[in-house]
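Below: one structure, written as structure tokens.
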Amino acid sequence: MSNILIDKIRIDGFRGLKNFETSLSETAVLTGMNNAGKTSVLKALQIVFGNYSFLSAEDLHIEDNVRSERIIVDVRLVSVDDDGRRIEDFSDDWDIVLKAANIEHDLEGNAYVAFRSVFTTSATQSNFTRETKKLAVWEQEGIDWLDLQTTTRFQIPTEQLPFFYIEAQRDILDDAKQRNSFLGRMLGNVAEHYSREQVEKIETMIAELNQQAIDNSDILTDIQSALSGLDSTMDKHDSKVSLQPFAKKIRDLNKSLSIQYGTESDSFTMDYHGMGTRSWSSLLTFKAFLKLLIKSLDDGEVCRPIIAIEEPEAHLHPNAQRQLYTQLVEMNGQKVISTHSPYIAACAKLSEIVCLHKDGFDTSVGVFNAEGLHKDDIRNVERQVILSHGELLFSKALILFEGETEAQALPIFAEKTFGMPAFNCGVNFVGVGGYGFYAPFIRFAEAYNIPWFIFSDGEQDAINGVASAVKKALKDDSLDINNMDNIFVIPNGNAYEGYITSLNYLDEFKAYNKRYIENTETDARAIAGKQRDVDRLTAADYKKKAEENKTTWASIMALAIVESTKPLPPLVNTLFNKVKEELTNV
């Protein structure tokens, strides 16, 4: 059985998005730092397929204090099989819905439907109008996509392509109260699924239950008796005020619905549960709504829901986020999910992750292209990077190195350089676990447009390992790492410990060492003796200490340097100056 998919979308003039294009899959997970444009992509889908009444002048793109005059959103629909793979033709049912005159074919003979929605505003910018037309072609050599020609008016089949926007702030308690929420709409339709006889029987039972509740309660009886004083004010002589502890009519089920969570013997209403449980419950009721929607289709009817989900991880702990993601994937329809969660991203397939990255005024898009890669190479990126370091998707820059020593020292040097912790600048440090394991991280960074740097030991094996990894990851055997300005190799064949102790920091190491002894020892004689021992230490002694206890002495030496008046090690300084240069472009 075939279905359809929005496989590409282009956006221009909307919020922070200008000349923007991305591919989408059956489940697309949009990641990236704040203000990269993730929510804007969801909202762009909403104004095309759903409600655009929220648009205001503030939604128009601004650059150099010039506001865009219109918003353009292009959408391409293609046919896919049950596994989400593109196939040649639409099914007969979708042919009828999309109309044969709207269907075009690309150079490979695959069918598609492409249309453009243009949103323009009045002179007062008080409201927008939308005009949707068919695109003659999706792309044409030598022509910018914004200049492509449109033809006839295109009617989006919204009944067959219903759009749903699930906001980050969701609460099942609010859903239960609102008749137009997904839960409210389902509850409001409950009566339609009973026969008239069943409705009368159930409502008679409810009336008897209400009366029993009042008759057996002095409090309820007294309240009803007191309220009977209103009877005399009613316009009709037969009017009567009565208490209804339980909903009198099935159509009012949402007004008295109580959702209980807990064990069979000890449960609490949803009011007593936290926002995580309530938010999660709201999403699950939407899932039930979708199931009923698909179930209600008649034979021959087709429906492909388009679901934009904003930050599904809100208020949920990591394991709950992972479980929720599997539940979202099971939903019928195309899901476009924006997230800040490395746990959500780690659950997604590499082909599903779309990483948005701000580059000045522009937003670049990173997707992982697995073409030509062995399955082991793909698995290494998934296992070593995404599963273990999902937070890297939200980086502005990656600094890669072999192991523990650099992991302790480089963040200390970075904080000295940037005047704040490196993560505040979006810089992440990653120990890859040895010089033979750089390739997955380089592939990852290249795919998702994240600037990367390598700080490598200078031993020949390490240099060879870096060179091999870079050539393999970038698929270019002609590369010379000596000519790459993002790779920094420690000189003179040294490892980090040999490099740092070869510089003129011996006095700084000793001074820091002595201060540490003063702060940790209480006996004056012991302090004096240990400080004399420190005076006898040589650079070779510190090198040995650093090699034997990397995690302790790397940070001690780094702190000794940053707390002194001397500049940082030259190679470290060069590295961070290059990183700072890169960050100014982000």
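Ligands are numbered from 1 in the order shown, residues from 1 within each chain, and chains are lettered A, B, ... in the order they appear in the structure tokens.
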(message) Report as a PyMOL selection string all protein, DNA and RNA residues lying within 6 Å of region 34-50 of chain A, evaluated on only C-alpha atoms, omitting residues in the same chain fewer than 5 positions from it.
(response) chain A and resi 163+308+338+356-358
(request) Please run DSSP on the backbone and report, as number ranges by chain, all residues within region 24-160 of chain A that come out as helix (DSSP H, G or I). (result) A: 38-49, 57-59, 92-98, 100-102, 145-147
Residues just named, written with N, CA, C and O atoms as a JSON list (two decimals), in the first residue's frame:
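Writing done, so here's again37.json:
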[["chain", "number", "residue", "atom", "x", "y", "z"],
["A", 38, "LYS", "N", 13.57, 26.02, 14.65],
["A", 38, "LYS", "CA", 12.82, 24.77, 14.72],
["A", 38, "LYS", "C", 11.30, 25.03, 14.78],
["A", 38, "LYS", "O", 10.53, 24.45, 14.00],
["A", 39, "THR", "N", 10.89, 25.88, 15.70],
["A", 39, "THR", "CA", 9.46, 26.17, 15.82],
["A", 39, "THR", "C", 8.93, 26.86, 14.57],
["A", 39, "THR", "O", 7.78, 26.64, 14.16],
["A", 40, "SER", "N", 9.76, 27.67, 13.93],
["A", 40, "SER", "CA", 9.33, 28.37, 12.71],
["A", 40, "SER", "C", 8.99, 27.38, 11.60],
["A", 40, "SER", "O", 8.07, 27.62, 10.80],
["A", 41, "VAL", "N", 9.72, 26.28, 11.52],
["A", 41, "VAL", "CA", 9.40, 25.25, 10.52],
["A", 41, "VAL", "C", 8.03, 24.65, 10.81],
["A", 41, "VAL", "O", 7.20, 24.46, 9.90],
["A", 42, "LEU", "N", 7.76, 24.36, 12.09],
["A", 42, "LEU", "CA", 6.45, 23.82, 12.46],
["A", 42, "LEU", "C", 5.34, 24.82, 12.12],
["A", 42, "LEU", "O", 4.29, 24.45, 11.59],
["A", 43, "LYS", "N", 5.59, 26.08, 12.44],
["A", 43, "LYS", "CA", 4.58, 27.11, 12.20],
["A", 43, "LYS", "C", 4.38, 27.34, 10.69],
["A", 43, "LYS", "O", 3.27, 27.69, 10.25],
["A", 44, "ALA", "N", 5.43, 27.17, 9.91],
["A", 44, "ALA", "CA", 5.30, 27.30, 8.45],
["A", 44, "ALA", "C", 4.35, 26.22, 7.91],
["A", 44, "ALA", "O", 3.53, 26.48, 7.02],
["A", 45, "LEU", "N", 4.48, 25.01, 8.44],
["A", 45, "LEU", "CA", 3.55, 23.95, 8.04],
["A", 45, "LEU", "C", 2.13, 24.31, 8.47],
["A", 45, "LEU", "O", 1.16, 24.05, 7.73],
["A", 46, "GLN", "N", 2.01, 24.91, 9.63],
["A", 46, "GLN", "CA", 0.67, 25.28, 10.12],
["A", 46, "GLN", "C", -0.01, 26.32, 9.22],
["A", 46, "GLN", "O", -1.19, 26.18, 8.92],
["A", 47, "ILE", "N", 0.73, 27.34, 8.80],
["A", 47, "ILE", "CA", 0.08, 28.37, 7.99],
["A", 47, "ILE", "C", -0.29, 27.86, 6.60],
["A", 47, "ILE", "O", -1.18, 28.41, 5.95],
["A", 48, "VAL", "N", 0.38, 26.80, 6.15],
["A", 48, "VAL", "CA", 0.04, 26.22, 4.85],
["A", 48, "VAL", "C", -1.15, 25.27, 4.97],
["A", 48, "VAL", "O", -2.12, 25.36, 4.21],
["A", 49, "PHE", "N", -1.10, 24.37, 5.93],
["A", 49, "PHE", "CA", -2.11, 23.32, 6.01],
["A", 49, "PHE", "C", -3.20, 23.59, 7.05],
["A", 49, "PHE", "O", -4.22, 22.92, 7.06],
["A", 57, "ALA", "N", 2.65, 41.23, 11.55],
["A", 57, "ALA", "CA", 3.85, 41.83, 10.95],
["A", 57, "ALA", "C", 5.11, 41.31, 11.62],
["A", 57, "ALA", "O", 6.18, 41.26, 10.99],
["A", 58, "GLU", "N", 5.02, 40.90, 12.89],
["A", 58, "GLU", "CA", 6.19, 40.40, 13.61],
["A", 58, "GLU", "C", 6.68, 39.08, 13.04],
["A", 58, "GLU", "O", 7.81, 38.66, 13.32],
["A", 59, "ASP", "N", 5.85, 38.40, 12.25],
["A", 59, "ASP", "CA", 6.25, 37.12, 11.67],
["A", 59, "ASP", "C", 7.03, 37.29, 10.37],
["A", 59, "ASP", "O", 7.56, 36.33, 9.83],
["A", 92, "ASP", "N", -4.10, 5.00, -6.81],
["A", 92, "ASP", "CA", -5.29, 5.50, -7.51],
["A", 92, "ASP", "C", -6.09, 6.45, -6.62],
["A", 92, "ASP", "O", -6.60, 7.47, -7.09],
["A", 93, "ASP", "N", -6.20, 6.10, -5.33],
["A", 93, "ASP", "CA", -6.98, 6.95, -4.41],
["A", 93, "ASP", "C", -6.35, 8.33, -4.27],
["A", 93, "ASP", "O", -7.05, 9.35, -4.28],
["A", 94, "TRP", "N", -5.02, 8.38, -4.13],
["A", 94, "TRP", "CA", -4.36, 9.68, -3.99],
["A", 94, "TRP", "C", -4.32, 10.41, -5.33],
["A", 94, "TRP", "O", -4.33, 11.66, -5.36],
["A", 95, "ASP", "N", -4.30, 9.69, -6.43],
["A", 95, "ASP", "CA", -4.41, 10.32, -7.75],
["A", 95, "ASP", "C", -5.69, 11.15, -7.84],
["A", 95, "ASP", "O", -5.71, 12.28, -8.35],
["A", 96, "ILE", "N", -6.77, 10.57, -7.33],
["A", 96, "ILE", "CA", -8.08, 11.24, -7.39],
["A", 96, "ILE", "C", -8.06, 12.47, -6.48],
["A", 96, "ILE", "O", -8.53, 13.55, -6.87],
["A", 97, "VAL", "N", -7.52, 12.31, -5.28],
["A", 97, "VAL", "CA", -7.50, 13.42, -4.32],
["A", 97, "VAL", "C", -6.64, 14.58, -4.82],
["A", 97, "VAL", "O", -7.02, 15.75, -4.75],
["A", 98, "LEU", "N", -5.44, 14.25, -5.32],
["A", 98, "LEU", "CA", -4.49, 15.28, -5.74],
["A", 98, "LEU", "C", -4.78, 15.84, -7.13],
["A", 98, "LEU", "O", -4.27, 16.92, -7.47],
["A", 100, "ALA", "N", -5.03, 14.57, -11.29],
["A", 100, "ALA", "CA", -3.98, 14.21, -12.26],
["A", 100, "ALA", "C", -3.30, 15.44, -12.86],
["A", 100, "ALA", "O", -2.09, 15.42, -13.13],
["A", 101, "ALA", "N", -4.05, 16.54, -13.02],
["A", 101, "ALA", "CA", -3.46, 17.74, -13.63],
["A", 101, "ALA", "C", -2.38, 18.36, -12.76],
["A", 101, "ALA", "O", -1.54, 19.13, -13.25],
["A", 102, "ASN", "N", -2.39, 18.04, -11.48],
["A", 102, "ASN", "CA", -1.41, 18.63, -10.55],
["A", 102, "ASN", "C", -0.15, 17.78, -10.41],
["A", 102, "ASN", "O", 0.83, 18.23, -9.79],
["A", 145, "TRP", "N", 15.03, 29.09, -6.77],
["A", 145, "TRP", "CA", 13.71, 28.53, -6.48],
["A", 145, "TRP", "C", 12.65, 29.61, -6.27],
["A", 145, "TRP", "O", 11.46, 29.41, -6.56],
["A", 146, "LEU", "N", 13.08, 30.77, -5.77],
["A", 146, "LEU", "CA", 12.12, 31.85, -5.55],
["A", 146, "LEU", "C", 11.59, 32.42, -6.86],
["A", 146, "LEU", "O", 10.53, 33.07, -6.88],
["A", 147, "ASP", "N", 12.30, 32.16, -7.96],
["A", 147, "ASP", "CA", 11.89, 32.68, -9.26],
["A", 147, "ASP", "C", 11.14, 31.65, -10.09],
["A", 147, "ASP", "O", 10.78, 31.93, -11.25]]
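In this model, the gap between CA of Val199 (chain A) and CA of Ser281 (chain A) comes to 27.8 Å.
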Rows by chain and residue number, region 504-543 of chain A within 9 Å of region 549-556 of chain A, shortest pair, only C-alpha atoms, as a Markdown table:
| residue | atom | partner | partner_atom | distance |
| --- | --- | --- | --- | --- |
| A:Phe509 | CA | A:Ile556 | CA | 8.0 |
| A:Tyr512 | CA | A:Ile556 | CA | 7.9 |
| A:Asn513 | CA | A:Ile556 | CA | 8.2 |
| A:Tyr542 | CA | A:Trp553 | CA | 8.3 |
(request) Name the closest residue to Asp83 (chain A) among the candidates A:Thr277, A:Asn464, A:Ile337, A:Thr27; distances are taken between atoms, counting only C-alpha atoms. (result)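 When distances to Asp83 (chain A) are compared using only C-alpha atoms, the smallest one comes from A:Thr27.
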(message) Just want the 9 Å neighbourhood of Phe401 (chain A), counted on only C-alpha atoms, with same-chain residues fewer than 6 positions away dropped. Output as a ChimeraX atom specification.
(response) /A:407,429-435,438,453-457
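The space between CA of Thr326 (chain A) and CA of Cys347 (chain A) spans 8.0 Å.
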(request) Tell me which protein, DNA and RNA residues are within 7 Å of Asn428 (chain A), counting only C-alpha atoms, leaving out same-chain ones fewer than 2 positions away, and put them as a PyMOL selection string. (result) chain A and resi 392+395+397-399+423+426+430
Using only all heavy atoms, please write the residues we just selected to a file, as a PDB file, in the first residue's frame.
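Below is the file that was written, selection-v2.pdb:
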ATOM      1  N   LEU A 392      25.559  16.905  21.580  1.00  0.00           N
ATOM      2  CA  LEU A 392      26.404  17.565  20.585  1.00  0.00           C
ATOM      3  C   LEU A 392      25.589  18.151  19.442  1.00  0.00           C
ATOM      4  O   LEU A 392      26.062  19.051  18.731  1.00  0.00           O
ATOM      5  CB  LEU A 392      27.437  16.575  20.032  1.00  0.00           C
ATOM      6  CG  LEU A 392      28.398  15.948  21.050  1.00  0.00           C
ATOM      7  CD1 LEU A 392      29.447  15.100  20.345  1.00  0.00           C
ATOM      8  CD2 LEU A 392      29.063  17.013  21.910  1.00  0.00           C
ATOM      9  N   SER A 395      25.397  21.944  19.623  1.00  0.00           N
ATOM     10  CA  SER A 395      26.681  22.640  19.768  1.00  0.00           C
ATOM     11  C   SER A 395      26.871  23.700  18.686  1.00  0.00           C
ATOM     12  O   SER A 395      26.351  23.588  17.576  1.00  0.00           O
ATOM     13  CB  SER A 395      27.847  21.643  19.665  1.00  0.00           C
ATOM     14  OG  SER A 395      27.764  20.674  20.663  1.00  0.00           O
ATOM     15  N   ALA A 397      30.247  24.464  18.314  1.00  0.00           N
ATOM     16  CA  ALA A 397      31.573  23.999  17.886  1.00  0.00           C
ATOM     17  C   ALA A 397      31.953  22.778  18.706  1.00  0.00           C
ATOM     18  O   ALA A 397      31.587  22.667  19.883  1.00  0.00           O
ATOM     19  CB  ALA A 397      32.619  25.095  18.055  1.00  0.00           C
ATOM     20  N   LEU A 398      32.705  21.863  18.091  1.00  0.00           N
ATOM     21  CA  LEU A 398      33.198  20.666  18.767  1.00  0.00           C
ATOM     22  C   LEU A 398      34.724  20.688  18.779  1.00  0.00           C
ATOM     23  O   LEU A 398      35.352  20.953  17.750  1.00  0.00           O
ATOM     24  CB  LEU A 398      32.732  19.400  18.050  1.00  0.00           C
ATOM     25  CG  LEU A 398      31.235  19.152  17.899  1.00  0.00           C
ATOM     26  CD1 LEU A 398      31.008  17.806  17.226  1.00  0.00           C
ATOM     27  CD2 LEU A 398      30.535  19.198  19.240  1.00  0.00           C
ATOM     28  N   ILE A 399      35.299  20.387  19.939  1.00  0.00           N
ATOM     29  CA  ILE A 399      36.743  20.217  20.042  1.00  0.00           C
ATOM     30  C   ILE A 399      36.997  18.760  20.392  1.00  0.00           C
ATOM     31  O   ILE A 399      36.586  18.270  21.449  1.00  0.00           O
ATOM     32  CB  ILE A 399      37.344  21.155  21.105  1.00  0.00           C
ATOM     33  CG1 ILE A 399      37.106  22.612  20.694  1.00  0.00           C
ATOM     34  CG2 ILE A 399      38.843  20.887  21.268  1.00  0.00           C
ATOM     35  CD1 ILE A 399      37.601  23.624  21.707  1.00  0.00           C
ATOM     36  N   PHE A 423      30.743  25.800  27.713  1.00  0.00           N
ATOM     37  CA  PHE A 423      29.415  25.375  27.286  1.00  0.00           C
ATOM     38  C   PHE A 423      28.460  26.567  27.181  1.00  0.00           C
ATOM     39  O   PHE A 423      27.465  26.507  26.457  1.00  0.00           O
ATOM     40  CB  PHE A 423      28.845  24.294  28.220  1.00  0.00           C
ATOM     41  CG  PHE A 423      28.699  24.698  29.655  1.00  0.00           C
ATOM     42  CD1 PHE A 423      27.649  25.497  30.090  1.00  0.00           C
ATOM     43  CD2 PHE A 423      29.613  24.250  30.606  1.00  0.00           C
ATOM     44  CE1 PHE A 423      27.513  25.860  31.417  1.00  0.00           C
ATOM     45  CE2 PHE A 423      29.488  24.608  31.944  1.00  0.00           C
ATOM     46  CZ  PHE A 423      28.440  25.423  32.345  1.00  0.00           C
ATOM     47  N   GLY A 426      28.448  27.441  23.741  1.00  0.00           N
ATOM     48  CA  GLY A 426      28.041  26.389  22.811  1.00  0.00           C
ATOM     49  C   GLY A 426      29.175  25.512  22.343  1.00  0.00           C
ATOM     50  O   GLY A 426      29.047  24.797  21.343  1.00  0.00           O
ATOM     51  N   VAL A 430      35.068  16.750  23.430  1.00  0.00           N
ATOM     52  CA  VAL A 430      34.769  15.323  23.308  1.00  0.00           C
ATOM     53  C   VAL A 430      36.058  14.518  23.243  1.00  0.00           C
ATOM     54  O   VAL A 430      36.873  14.689  22.320  1.00  0.00           O
ATOM     55  CB  VAL A 430      33.939  15.025  22.037  1.00  0.00           C
ATOM     56  CG1 VAL A 430      33.555  13.545  22.005  1.00  0.00           C
ATOM     57  CG2 VAL A 430      32.715  15.900  21.977  1.00  0.00           C
TER      58      VAL A 430
END
(message) Given only C-alpha atoms as the basis, pick out the residue of A:Asp74, A:Glu311, A:Asp461, A:Glu391 nearest to Lys133 (chain A).
(response)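 So, comparing all the options, the nearest one is A:Asp74.
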(message) as a ChimeraX atom specification, please: the residues near region 526-534 of chain A (cut-off 7 Å, only C-alpha atoms, same-chain neighbours under 6 positions excluded).
(response) /A:510,514,517-518
(request) Give the answer as one residue: which of A:Ile87, A:Val302, A:Ile344, A:Leu293 has the shortest atom-to-atom distance to Leu316 (chain A), using only C-alpha atoms? (result)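 Among the listed residues, the smallest separation from Leu316 (chain A) belongs to A:Ile344.
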(message) Here is a test: counting only C-alpha atoms, which residue of A:Lys249, A:Arg179, A:Arg10, A:Arg515 is nearest to Ile71 (chain A)?
(response) A:Arg10
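In terms of minimum interatomic distance to Gly84 (chain A), A:Gln334 ranks closest within A:Phe418, A:Gln334, A:Glu141, A:Asp222, counting only C-alpha atoms.
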List the spatial neighbours of Val354 (chain A) as an mmCIF file with C-alpha atoms, in the first residue's frame - criterion: any atom at most 8 Å away, only C-alpha atoms, same-chain residues fewer than 4 positions off excluded.
data_model
loop_
_atom_site.group_PDB
_atom_site.id
_atom_site.type_symbol
_atom_site.label_atom_id
_atom_site.label_comp_id
_atom_site.auth_asym_id
_atom_site.auth_seq_id
_atom_site.Cartn_x
_atom_site.Cartn_y
_atom_site.Cartn_z
ATOM 1 C CA THR A 22 14.958 21.055 4.195
ATOM 2 C CA LEU A 24 11.462 15.719 5.859
ATOM 3 C CA ALA A 28 11.436 14.211 11.269
ATOM 4 C CA VAL A 29 13.216 15.346 14.436
ATOM 5 C CA LEU A 30 14.288 18.998 14.312
ATOM 6 C CA THR A 31 17.199 19.756 16.623
ATOM 7 C CA VAL A 365 20.281 22.591 7.602
ATOM 8 C CA GLY A 366 22.210 19.449 8.383
ATOM 9 C CA VAL A 367 21.028 15.956 7.523
ATOM 10 C CA TYR A 448 25.028 18.610 10.845
#
